[in-house]
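> Got a file for you: query-v2.cif, mmCIF, C-alpha atoms and all ligand atoms.
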```
data_input
loop_
_atom_site.group_PDB
_atom_site.id
_atom_site.type_symbol
_atom_site.label_atom_id
_atom_site.label_comp_id
_atom_site.auth_asym_id
_atom_site.auth_seq_id
_atom_site.Cartn_x
_atom_site.Cartn_y
_atom_site.Cartn_z
ATOM 1 C CA MET A 1 116.728 70.352 142.038
ATOM 2 C CA LYS A 2 115.895 73.982 141.416
ATOM 3 C CA ARG A 3 114.004 75.591 144.292
ATOM 4 C CA THR A 4 111.219 77.853 143.072
ATOM 5 C CA ALA A 5 109.009 80.154 145.122
ATOM 6 C CA ILE A 6 105.870 81.933 144.039
ATOM 7 C CA TYR A 7 105.176 85.387 145.496
ATOM 8 C CA PRO A 8 101.494 86.025 144.801
ATOM 9 C CA GLY A 9 99.601 89.265 145.324
ATOM 10 C CA SER A 10 97.542 92.001 143.745
ATOM 11 C CA PHE A 11 100.521 94.375 143.471
ATOM 12 C CA ASP A 12 98.170 97.310 142.825
ATOM 13 C CA PRO A 13 100.749 98.803 142.569
ATOM 14 C CA LEU A 14 104.113 97.281 143.557
ATOM 15 C CA THR A 15 105.665 99.075 146.559
ATOM 16 C CA ASN A 16 109.152 99.123 148.076
ATOM 17 C CA GLY A 17 107.777 96.760 150.747
ATOM 18 C CA HIS A 18 106.937 94.183 148.068
ATOM 19 C CA LEU A 19 110.375 94.743 146.486
ATOM 20 C CA ASP A 20 112.059 94.188 149.829
ATOM 21 C CA VAL A 21 110.285 90.829 150.188
ATOM 22 C CA ILE A 22 111.190 89.890 146.579
ATOM 23 C CA GLN A 23 114.888 90.656 147.196
ATOM 24 C CA ARG A 24 114.938 88.594 150.389
ATOM 25 C CA ALA A 25 113.193 85.651 148.694
ATOM 26 C CA ALA A 26 115.591 85.862 145.720
ATOM 27 C CA LYS A 27 118.477 85.180 148.108
ATOM 28 C CA LEU A 28 116.827 82.023 149.446
ATOM 29 C CA PHE A 29 115.456 80.458 146.284
ATOM 30 C CA ASP A 30 116.964 79.616 142.895
ATOM 31 C CA ARG A 31 113.983 81.195 141.199
ATOM 32 C CA VAL A 32 111.249 83.543 142.403
ATOM 33 C CA ILE A 33 108.115 84.103 140.344
ATOM 34 C CA VAL A 34 106.155 87.214 141.236
ATOM 35 C CA ALA A 35 102.609 86.170 140.349
ATOM 36 C CA VAL A 36 100.156 88.998 139.881
ATOM 37 C CA ALA A 37 96.588 87.988 140.683
ATOM 38 C CA GLU A 38 93.779 89.076 138.413
ATOM 39 C CA ASN A 39 91.571 89.896 141.456
ATOM 40 C CA GLU A 40 88.623 91.546 139.719
ATOM 41 C CA GLY A 41 86.753 91.553 143.023
ATOM 42 C CA LYS A 42 89.195 94.114 144.438
ATOM 43 C CA GLN A 43 88.546 96.619 141.612
ATOM 44 C CA PRO A 44 92.216 97.416 141.079
ATOM 45 C CA LEU A 45 93.451 100.865 140.063
ATOM 46 C CA PHE A 46 95.876 99.368 137.544
ATOM 47 C CA THR A 47 94.867 96.719 134.996
ATOM 48 C CA LEU A 48 96.450 93.298 135.203
ATOM 49 C CA THR A 49 98.679 94.116 132.213
ATOM 50 C CA GLU A 50 99.803 97.374 133.844
ATOM 51 C CA ARG A 51 100.520 95.696 137.195
ATOM 52 C CA VAL A 52 102.570 92.965 135.527
ATOM 53 C CA ALA A 53 104.539 95.530 133.472
ATOM 54 C CA LEU A 54 105.291 97.630 136.584
ATOM 55 C CA VAL A 55 106.656 94.591 138.447
ATOM 56 C CA LYS A 56 108.639 93.456 135.400
ATOM 57 C CA GLN A 57 110.359 96.840 135.015
ATOM 58 C CA ALA A 58 111.196 96.991 138.730
ATOM 59 C CA VAL A 59 112.831 93.535 138.940
ATOM 60 C CA THR A 60 114.979 93.633 135.782
ATOM 61 C CA LYS A 61 118.170 93.777 137.878
ATOM 62 C CA LEU A 62 117.294 90.593 139.754
ATOM 63 C CA PRO A 63 118.377 87.735 137.448
ATOM 64 C CA ASN A 64 116.471 84.960 139.222
ATOM 65 C CA VAL A 65 113.164 86.830 139.479
ATOM 66 C CA GLU A 66 110.393 86.424 136.894
ATOM 67 C CA THR A 67 107.000 88.061 136.580
ATOM 68 C CA ASP A 68 103.781 86.309 135.619
ATOM 69 C CA SER A 69 100.051 86.536 136.213
ATOM 70 C CA PHE A 70 97.494 83.936 137.246
ATOM 71 C CA ASP A 71 93.765 83.596 137.377
ATOM 72 C CA CYS A 72 93.179 80.233 139.051
ATOM 73 C CA LEU A 73 93.494 78.621 142.447
ATOM 74 C CA LEU A 74 96.920 79.575 143.849
ATOM 75 C CA VAL A 75 97.923 75.987 144.735
ATOM 76 C CA GLU A 76 97.105 74.912 141.183
ATOM 77 C CA TYR A 77 99.290 77.690 139.808
ATOM 78 C CA VAL A 78 102.144 76.719 142.179
ATOM 79 C CA ALA A 79 101.951 73.093 141.013
ATOM 80 C CA ALA A 80 101.780 74.104 137.344
ATOM 81 C CA ARG A 81 104.962 76.170 137.739
ATOM 82 C CA LYS A 82 106.625 73.258 139.587
ATOM 83 C CA ALA A 83 107.295 75.493 142.605
ATOM 84 C CA GLN A 84 107.810 74.291 146.163
ATOM 85 C CA ALA A 85 106.819 77.334 148.178
ATOM 86 C CA ILE A 86 104.556 80.342 148.451
ATOM 87 C CA VAL A 87 106.142 83.532 149.797
ATOM 88 C CA ARG A 88 104.030 86.065 151.652
ATOM 89 C CA GLY A 89 105.023 89.249 153.452
ATOM 90 C CA LEU A 90 104.149 89.916 157.080
ATOM 91 C CA ARG A 91 104.081 93.537 158.135
ATOM 92 C CA ALA A 92 102.432 93.488 161.495
ATOM 93 C CA VAL A 93 100.188 91.500 163.778
ATOM 94 C CA SER A 94 97.263 92.811 161.723
ATOM 95 C CA ASP A 95 98.416 90.768 158.711
ATOM 96 C CA PHE A 96 98.798 87.630 160.765
ATOM 97 C CA GLU A 97 95.240 86.357 161.115
ATOM 98 C CA PHE A 98 94.400 86.535 157.424
ATOM 99 C CA GLU A 99 97.771 85.179 156.319
ATOM 100 C CA PHE A 100 97.598 82.328 158.841
ATOM 101 C CA GLN A 101 94.151 81.345 157.564
ATOM 102 C CA LEU A 102 95.290 81.533 153.937
ATOM 103 C CA ALA A 103 98.411 79.453 154.577
ATOM 104 C CA LEU A 104 96.497 76.726 156.409
ATOM 105 C CA MET A 105 93.814 76.654 153.745
ATOM 106 C CA ASN A 106 96.439 76.306 151.022
ATOM 107 C CA ARG A 107 98.043 73.472 153.002
ATOM 108 C CA LYS A 108 94.673 71.711 153.183
ATOM 109 C CA LEU A 109 94.368 72.046 149.417
ATOM 110 C CA ASP A 110 97.918 70.830 148.733
ATOM 111 C CA GLU A 111 100.082 69.471 151.544
ATOM 112 C CA SER A 112 103.263 69.469 149.481
ATOM 113 C CA ILE A 113 103.429 73.269 149.255
ATOM 114 C CA GLU A 114 104.997 75.286 152.080
ATOM 115 C CA THR A 115 104.187 78.925 152.836
ATOM 116 C CA ILE A 116 107.157 81.063 153.867
ATOM 117 C CA PHE A 117 106.620 84.394 155.609
ATOM 118 C CA MET A 118 109.134 87.166 155.209
ATOM 119 C CA MET A 119 109.326 90.387 157.186
ATOM 120 C CA PRO A 120 110.354 93.547 155.363
ATOM 121 C CA LYS A 121 112.850 96.104 156.612
ATOM 122 C CA ASP A 122 111.233 97.886 159.559
ATOM 123 C CA THR A 123 110.778 101.137 157.621
ATOM 124 C CA TYR A 124 108.436 99.328 155.217
ATOM 125 C CA THR A 125 106.177 97.754 157.812
ATOM 126 C CA PHE A 126 103.677 100.616 157.540
ATOM 127 C CA LEU A 127 103.561 100.498 153.740
ATOM 128 C CA SER A 128 100.630 99.191 151.760
ATOM 129 C CA SER A 129 99.466 99.644 148.169
ATOM 130 C CA ARG A 130 96.221 101.101 149.516
ATOM 131 C CA ILE A 131 98.011 103.825 151.523
ATOM 132 C CA VAL A 132 100.307 104.650 148.614
ATOM 133 C CA LYS A 133 97.272 105.091 146.331
ATOM 134 C CA GLU A 134 95.563 107.345 148.873
ATOM 135 C CA ILE A 135 98.622 109.580 149.226
ATOM 136 C CA ALA A 136 99.109 109.757 145.453
ATOM 137 C CA ARG A 137 95.424 110.526 144.908
ATOM 138 C CA LEU A 138 95.741 113.523 147.211
ATOM 139 C CA GLY A 139 98.841 114.746 145.416
ATOM 140 C CA GLY A 140 101.331 113.595 148.062
ATOM 141 C CA ASP A 141 104.905 112.558 147.351
ATOM 142 C CA VAL A 142 105.256 108.777 147.171
ATOM 143 C CA ARG A 143 108.912 108.765 146.057
ATOM 144 C CA THR A 144 110.191 106.952 149.134
ATOM 145 C CA PHE A 145 107.442 104.315 149.045
ATOM 146 C CA VAL A 146 107.542 102.988 145.485
ATOM 147 C CA PRO A 147 110.133 102.417 142.723
ATOM 148 C CA PRO A 148 110.498 105.297 140.183
ATOM 149 C CA ASN A 149 108.500 103.547 137.416
ATOM 150 C CA VAL A 150 105.539 103.088 139.770
ATOM 151 C CA GLN A 151 105.798 106.704 140.878
ATOM 152 C CA SER A 152 105.422 107.956 137.305
ATOM 153 C CA ALA A 153 102.628 105.465 136.557
ATOM 154 C CA LEU A 154 100.716 106.757 139.597
ATOM 155 C CA LYS A 155 101.228 110.341 138.463
ATOM 156 C CA LYS A 156 99.823 109.520 135.022
ATOM 157 C CA LYS A 157 96.890 107.554 136.401
ATOM 158 C CA LEU A 158 95.787 109.938 139.136
ATOM 159 C CA LYS A 159 95.013 113.594 138.922
ATOM 160 C CA PRO A 160 95.486 115.158 142.367
ATOM 161 C CA VAL A 161 92.288 116.656 143.816
ATOM 162 C CA LYS A 162 92.974 120.174 144.946
HETATM 163 P P1 LIG B 201 97.049 90.697 148.398
HETATM 164 O O1 LIG B 201 95.909 91.283 147.631
HETATM 165 O O2 LIG B 201 97.314 89.268 148.113
HETATM 166 O O3 LIG B 201 97.081 91.033 149.869
HETATM 167 P P2 LIG B 201 99.217 92.570 148.087
HETATM 168 O O4 LIG B 201 99.809 93.003 146.807
HETATM 169 O O5 LIG B 201 98.520 93.587 148.891
HETATM 170 O O6 LIG B 201 98.302 91.388 147.696
HETATM 171 O O7 LIG B 201 100.322 91.865 148.958
HETATM 172 C C1 LIG B 201 100.996 90.713 148.561
HETATM 173 C C2 LIG B 201 101.789 90.184 149.730
HETATM 174 O O8 LIG B 201 102.791 91.138 150.079
HETATM 175 C C3 LIG B 201 100.980 89.934 150.995
HETATM 176 O O9 LIG B 201 101.515 88.810 151.657
HETATM 177 C C4 LIG B 201 101.207 91.183 151.808
HETATM 178 O O10 LIG B 201 101.078 90.931 153.185
HETATM 179 C C5 LIG B 201 102.648 91.496 151.433
HETATM 180 N N1 LIG B 201 102.987 92.911 151.594
HETATM 181 C C6 LIG B 201 102.302 93.987 151.154
HETATM 182 N N2 LIG B 201 102.912 95.142 151.507
HETATM 183 C C7 LIG B 201 104.031 94.772 152.186
HETATM 184 C C8 LIG B 201 105.076 95.479 152.850
HETATM 185 N N3 LIG B 201 105.103 96.811 152.923
HETATM 186 N N4 LIG B 201 106.042 94.767 153.446
HETATM 187 C C9 LIG B 201 106.002 93.412 153.420
HETATM 188 N N5 LIG B 201 105.049 92.682 152.844
HETATM 189 C C10 LIG B 201 104.070 93.342 152.238
#
```
Represent the structure contained in this file as structure tokens.

Amino acid sequence: MKRTAIYPGSFDPLTNGHLDVIQRAAKLFDRVIVAVAENEGKQPLFTLTERVALVKQAVTKLPNVETDSFDCLLVEYVAARKAQAIVRGLRAVSDFEFEFQLALMNRKLDESIETIFMMPKDTYTFLSSRIVKEIARLGGDVRTFVPPNVQSALKKKLKPVK
């Protein structure tokens, strides 16, 4: 049986922290599907189509990683893709409470799905899409935080305020 994991998130935009988690998950599972959430409520900087394209470009070298989007209950999406697990990243204690709640709620909704938490390389534990966007907005260099395609997309999207 093929083991499939879904890595859901807003990915607004994808960072090297996300990529680190994707690479780790790709070693454990036969197939990893990075599932970009519509998440209108969060008023994303990048459209869903842009976020999906940025992930797709960044994972081309990982043969068992696919990119998709979803706009329904996560557990329903996981079942529809015949996946066994949800992968989430844990950066620090601050992530824990929300992630714990989410994982237990998803288990209540579908007991057959496991949530796996992965910790990124220590240098990425401070990284978040929100911080990357703030730095880019102010004209800062985000080269070490995001893959090159995301860096140029941020440059195009944001005009630095001087
Ligand atoms: P969401 O809106 O679901 O929080 P994100 O795109 O912000 O979506 O994050 C998706 C997942 O990746 C979450 O589990 C989040 O904790 C994790 N994540 C985000 N940034 C990092 C990082 N730098 N290192 C490891 N995991 C991360």
> Using the chain letters and residue numbers of this document, give as a ChimeraX atom specification the residues selected by the PyMOL selection byres (((not hetatm)) within 6 of (chain B and resi 201)).
/A:9-11,17-18,21,88-91,119-120,124-125,127-128
> Measuring between only C-alpha atoms, which one of A:Pro63, A:Thr123, A:Val55, A:Leu73 shows the shortest distance to A:Thr15?
A:Val55
> Determine the residue set returned by the PyMOL selection byres (((chain A and resi 76-79) around 10) and not hetatm) for the present structure, and present it as a list in words.
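For this structure, the PyMOL selection byres (((chain A and resi 76-79) around 10) and not hetatm) captures Thr4, Ala5, Ile6, Tyr7, Pro8, Ile33, Ala35, Ser69, Phe70, Asp71, Cys72, Leu73, Leu74, Val75, Ala80, Arg81, Lys82, Ala83, Gln84, Ala85, Ile86, Asn106, Leu109, Asp110, Ser112 and Ile113 of chain A.
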> Let me know the residues the PyMOL selection byres (((chain A and resi 46) around 10) and not hetatm) catches in the file above, as a PyMOL selection string.
chain A and resi 10-13+43-45+47-52+54+153-154+157
> What does the distance from atom CA of A:Asn39 to atom CA of A:Met118 come to in Å, to one decimal?
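Going from atom CA of A:Asn39 over to atom CA of A:Met118 covers 22.5 Å.
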> Atom CA of A:Ile131 and atom CA of A:Leu102 are how many Å apart?
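Interatomic distance here is 22.6 Å.
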> Given the choices A:Val87, A:Leu14, A:Ile135, A:Ala58, which gets closest to A:Ala26 if the distance is worked out from all atoms listed in the file?
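Of the candidates, the smallest distance to A:Ala26 is held by A:Val87.
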> Give as an MDAnalysis selection string the set of residues within 6 Å of the point (110.3, 88.8, 144.8), where distances use the file's coordinates and all atoms listed in the file.
chainID A and resid 21:23 25 32 34
